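Below: one structure, written as structure tokens.
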Amino acid sequence: MATVSSRRRSRAAASSRCDSAGGRRGRETGRAGVAALVLLLSLPLLLYLVGPVLGLVLRTTPTVWKSYVCCWQAASALKLSLITATISLATVVIMGTPLAYYLAHYQFRAKNVIDTVIDLPLVLPPAAAGFALLLLFGRQGMGAWLQDHGLRISLTPLAVVLAQVFVASPFYVKQARAGFESVPETLRLASATLGAGPLRTFARVTVPLARHALLAGAVMTWARALGEFGATLVFAGAFPGRTETMPIAIYTTSTTNLPAAIALAATLVVVSFGVLILARALAGQRLRVAASPQ
Amino acid sequence: MPAICVQEGNPKGIHSLADLARPGMTIGLAEAGAVCLGDVSDEILRSAKLEEQVKKNVITYAKSCDQTQQLIQLGEVDAVIGWDAFQHWSPDQIDIVPIDPAHLRVRNIPAAITVYSEKRAQAQQFIDFLTSEEGKAIFAKHGYSVEPPTI
């Protein structure tokens with residue numbers, strides 16, 4: 001089977017052969033125009049996004065960092081945040097991928113309703129989501145029954161994950177759906193005619209072709225889960241070492257010790273930035289390998 | 001005034017600070033450092049020499065007074081150390097168990113004029129209103145003690 005990359009190369013070669021000199025010149029002027037617009041309109045946006053975060057990092061002196069961030073509470077909050085965000089991401093990917101695939105390739109009556117359900121967490125303010133979860137899983141909801149059977153959900157690390165899954169799932173499901181939709185049906189059919197079963201076609205054709213969208217969705221979901229604050233605070237509480245995630249630790253610390261809170265925030269920024277870059281690099285590499293000739 | 005706040009009807013039979021340390025109790029406390037109620041709770045438990053035992057039962061720390069109140073209102077914990085005014089806020093969901101006067105710590109709500117104030121006269125007027133009979137009546141209406149307690 002022809003590989004994705006070689007197909008793309010041959011298409012690029014074909015289009016460059018068709019280029020006329022006039023067309024090229026037109027495209028160059030177009031590019032200059034876009035560059036001007038980027039400089040004028042989008043550069044301020046980029047600076048606006050980077051500025052405050054950079055300020056946060058730059059305000060953190062090594063002394064402050066050493067005295068506050070290296071303490072047990074900050075380390076355990078960071079660990080809890082990284083672990084719960086990763087579990088939440090795994091949960092969303094495992095449970096959301098089939099749904100995204102189904103929504104992308106099948107037509108059915110309740111599709112609009114399901115679409116709206118997926119969007120719900122985006123419009124619900126996180127604190128409201130936290131109350132909704134607390135009312136459902138807390139002692140006023142099914143929590144009383146669950147607790148009689150030995151399972152407590154509210155105010156536990158499990159509640160941290162549930163809160164994160166709730167608020168962060170739309171980011172993956174929507175992106176994955178768009179990614180699956182972008183895979184031409186003809187390619188999936190071709191794979192089937194070559195004898196590959198649905199699972200093999202999914203793993204070898206659909207996923208590699210949709211990889212950018214899947215990865216982007218996963219990254220956004222993980223990042224959203226890591227930054228989750230409102231729903232977590234309400235539903236999971238804030239017990240140091242158990243349910244106190246980094247965003248909550250930052251908030252708590254800020255009421256008593258602002259420099260320490262800034263140091264914590266800077267640490268979260270640096271760590272999550274590093275993890276995201278690493279994840280992109282690793283996943284990009286692995287997916288390229290998956291899509292290369294066997 | 002701090003008090004032990006329990007669920008309506010006191011289903012767990014909590015009558016004293018020592019009951020908060022009973023095995024199997026789920027307790028919520030306000031967080032010391034984050035909110036004054038947390039500092040008061042710590043002082044009370046320390047005075048009763050129960051800090052360590054009670055904290056074994058604590059499953060969450062609230063960041064504010066209202067959050068502490070919500071914990072008991074939503075039935076998430078068996079008891080919190082809160083303010084007696086909580087019962088006034090949600091009379092149908094919260095019962096109050098008084099704290100042994102030997103360990104009770106009372107807090108005042110302070111009012112002051114900031115040094116940056118450019119309208120000191122008006123600010124003073126507001127403080128005068130707070131401490132007037134009219135102001136006291138408003139506090140009392142919302143469940144706050146307006147006279148120093150006799151302990």
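Convention: chains lettered A, B, ... in structure tokens order; per-chain residue numbering from 1; ligands numbered from 1 as shown.
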Item checked: Residues of chain A within 12 Å of chain B, only C-alpha atoms counted, as a ChimeraX atom specification -> /A:131-132,134-141,143-144,147,152-157,233-244,248-257
Check: Running DSSP on the backbone, which parts of chain B land in alpha helix (DSSP H), as a PyMOL selection string?
Finding: chain B and resi 17-20+36-47+51-56+65-73+85-89+120-131+133-141
Next item on the list: Skip Val97 of chain B itself and residues of its chain fewer than 4 positions away, then list as a list in words all residues within 9 Å of it, counting only C-alpha atoms.
Entry: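 The filter keeps Ala3, Ile4, Cys5, Val6, Asn10, Ile14, His15, Ser16 and Asp84 of chain B.
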Could you write out that same residue set with all heavy atoms as a short mmCIF file (atom, residue, chain, number, x, y, z; two decimals), in the first residue's frame?
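Printed below is selection_33.cif as written:
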```cif
data_model
loop_
_atom_site.label_atom_id
_atom_site.label_comp_id
_atom_site.auth_asym_id
_atom_site.auth_seq_id
_atom_site.Cartn_x
_atom_site.Cartn_y
_atom_site.Cartn_z
N ALA B 3 -18.83 26.76 66.61
CA ALA B 3 -19.67 25.69 67.13
C ALA B 3 -19.44 24.46 66.27
O ALA B 3 -18.95 24.56 65.15
CB ALA B 3 -21.14 26.10 67.07
N ILE B 4 -19.79 23.30 66.83
CA ILE B 4 -19.76 22.09 66.02
C ILE B 4 -21.06 22.07 65.23
O ILE B 4 -22.14 22.20 65.80
CB ILE B 4 -19.67 20.82 66.90
CG1 ILE B 4 -18.41 20.89 67.78
CG2 ILE B 4 -19.65 19.57 66.05
CD1 ILE B 4 -18.36 19.82 68.85
N CYS B 5 -20.96 21.97 63.90
CA CYS B 5 -22.15 21.93 63.07
C CYS B 5 -22.33 20.49 62.57
O CYS B 5 -21.40 19.91 62.02
CB CYS B 5 -22.03 22.87 61.88
SG CYS B 5 -21.70 24.56 62.38
N VAL B 6 -23.51 19.94 62.80
CA VAL B 6 -23.78 18.57 62.38
C VAL B 6 -25.02 18.56 61.48
O VAL B 6 -25.70 19.59 61.36
CB VAL B 6 -24.02 17.63 63.59
CG1 VAL B 6 -22.78 17.57 64.46
CG2 VAL B 6 -25.23 18.09 64.39
N ASN B 10 -28.86 15.48 64.07
CA ASN B 10 -27.64 14.89 64.65
C ASN B 10 -27.61 13.36 64.57
O ASN B 10 -27.55 12.67 65.60
CB ASN B 10 -27.49 15.36 66.12
CG ASN B 10 -26.07 15.19 66.61
OD1 ASN B 10 -25.23 14.61 65.93
ND2 ASN B 10 -25.79 15.70 67.80
N ILE B 14 -23.41 13.36 67.83
CA ILE B 14 -22.19 14.10 68.21
C ILE B 14 -22.55 15.12 69.29
O ILE B 14 -23.44 15.95 69.10
CB ILE B 14 -21.60 14.80 66.97
CG1 ILE B 14 -21.09 13.74 65.98
CG2 ILE B 14 -20.49 15.76 67.36
CD1 ILE B 14 -20.88 14.26 64.58
N HIS B 15 -21.90 15.00 70.44
CA HIS B 15 -22.24 15.91 71.54
C HIS B 15 -21.05 16.69 72.06
O HIS B 15 -21.21 17.56 72.91
CB HIS B 15 -22.89 15.11 72.67
CG HIS B 15 -24.13 14.41 72.23
ND1 HIS B 15 -25.28 15.09 71.86
CD2 HIS B 15 -24.40 13.09 72.04
CE1 HIS B 15 -26.20 14.22 71.48
NE2 HIS B 15 -25.70 12.99 71.56
N SER B 16 -19.85 16.38 71.60
CA SER B 16 -18.69 17.09 72.12
C SER B 16 -17.56 17.03 71.11
O SER B 16 -17.62 16.31 70.11
CB SER B 16 -18.22 16.44 73.42
OG SER B 16 -17.70 15.15 73.10
N ASP B 84 -21.75 29.42 64.74
CA ASP B 84 -23.14 29.14 65.12
C ASP B 84 -24.12 29.77 64.12
O ASP B 84 -25.24 29.31 63.96
CB ASP B 84 -23.42 29.60 66.56
CG ASP B 84 -23.09 31.07 66.79
OD1 ASP B 84 -22.59 31.72 65.85
OD2 ASP B 84 -23.34 31.56 67.90
#
```
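Of the listed residues B:Val54, B:Phe129, B:Cys65, B:Asp39, the one whose atoms come nearest to Leu17 of chain B is B:Val54, with distances taken using only C-alpha atoms.
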Check: Got a sec: who's within 10 Å of Arg107 of chain B, counting only C-alpha atoms, leaving out chain neighbours fewer than 3 positions off, as a ChimeraX atom specification?
Finding: /B:1-2,36-37,40,83,104,110,148
Hey, can you spit out that residue selection with N, CA, C and O atoms as a short mmCIF file (atom, residue, chain, number, x, y, z; two decimals), in the first residue's frame?
```cif
data_model
loop_
_atom_site.label_atom_id
_atom_site.label_comp_id
_atom_site.auth_asym_id
_atom_site.auth_seq_id
_atom_site.Cartn_x
_atom_site.Cartn_y
_atom_site.Cartn_z
N MET B 1 -19.55 33.08 66.78
CA MET B 1 -19.05 32.14 67.79
C MET B 1 -18.88 30.75 67.16
O MET B 1 -19.80 30.27 66.52
N PRO B 2 -17.72 30.12 67.33
CA PRO B 2 -17.54 28.79 66.73
C PRO B 2 -18.45 27.76 67.39
O PRO B 2 -18.80 27.90 68.56
N CYS B 36 -10.05 32.53 58.62
CA CYS B 36 -9.87 32.66 60.07
C CYS B 36 -10.56 31.52 60.82
O CYS B 36 -10.08 31.08 61.86
N LEU B 37 -11.67 31.01 60.26
CA LEU B 37 -12.35 29.89 60.90
C LEU B 37 -11.40 28.70 61.07
O LEU B 37 -11.48 27.97 62.07
N VAL B 40 -9.20 29.38 64.08
CA VAL B 40 -9.97 29.20 65.32
C VAL B 40 -10.16 27.70 65.60
O VAL B 40 -9.98 27.25 66.73
N TRP B 83 -19.34 28.23 62.37
CA TRP B 83 -19.88 29.30 63.20
C TRP B 83 -21.32 28.95 63.57
O TRP B 83 -22.02 28.30 62.78
N LEU B 104 -13.56 27.03 74.06
CA LEU B 104 -14.15 27.93 73.07
C LEU B 104 -13.25 29.15 72.83
O LEU B 104 -12.70 29.72 73.76
N PRO B 110 -13.85 42.44 62.88
CA PRO B 110 -13.26 43.78 63.03
C PRO B 110 -13.70 44.71 61.89
O PRO B 110 -13.99 44.27 60.78
N PRO B 148 -20.84 40.55 73.75
CA PRO B 148 -19.77 39.61 74.13
C PRO B 148 -20.37 38.46 74.92
O PRO B 148 -21.19 38.69 75.81
#
```
Notebook entry, point to check: Which of chain B counts as strand (DSSP E) under DSSP, as a list in words please?
Noted result: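 Matching residues, listed in order: Pro2, Ala3, Ile4, Cys5, Val6, Gln7, Ile27, Gly28, Leu29, Ala30, Val58, Ile59, Thr60, Tyr61, Ala62, Ala79, Val80, Ile81, Gly82, Trp83, Ile94, Asp95, Ile96 and Val97 of chain B.
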Margin query: Just want the 10 Å neighbourhood of Ile114 of chain A, counted on only C-alpha atoms, with same-chain residues fewer than 5 positions away dropped. Output as a list in words.
Written below: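 My list of contacting residues is Leu99, Leu103, Arg109, Asp119 and Leu120 of chain A.
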Margin query: List as a ChimeraX atom specification the protein and nucleic acid residues near segment 264-281 of chain A, meaning an atom at most 6 Å away when only C-alpha atoms are counted, but skip any in the same chain fewer than 2 places from it.
Written below: /A:56-57,261-262,283-284
Notebook entry, point to check: Can you tell me, as a list of chain:residue names, what residues are no more than 12 Å from segment 133-136 of chain B when counting only C-alpha atoms, ignoring any on the same chain fewer than 6 positions away?
Noted result: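 So, after excluding close chain neighbours, the residues are B:Gln125, B:Phe126, B:Ile127, B:His142, B:Gly143, B:Tyr144, B:Ser145, B:Val146, B:Glu147.
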Check: So, counting only C-alpha atoms, which residue among B:Lys56, B:His88, B:Lys12, B:Lys49 is closest to Ala102 of chain B?
Finding: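 Of the candidates, the smallest distance to Ala102 of chain B is held by B:Lys49.
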Next item on the list: Between atom CA of Ala140 of chain B and atom CA of Ala85 of chain B, measure the distance and give it in Å to one decimal.
Entry: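 Value for the atom CA of Ala140 of chain B-atom CA of Ala85 of chain B distance: 9.4 Å.
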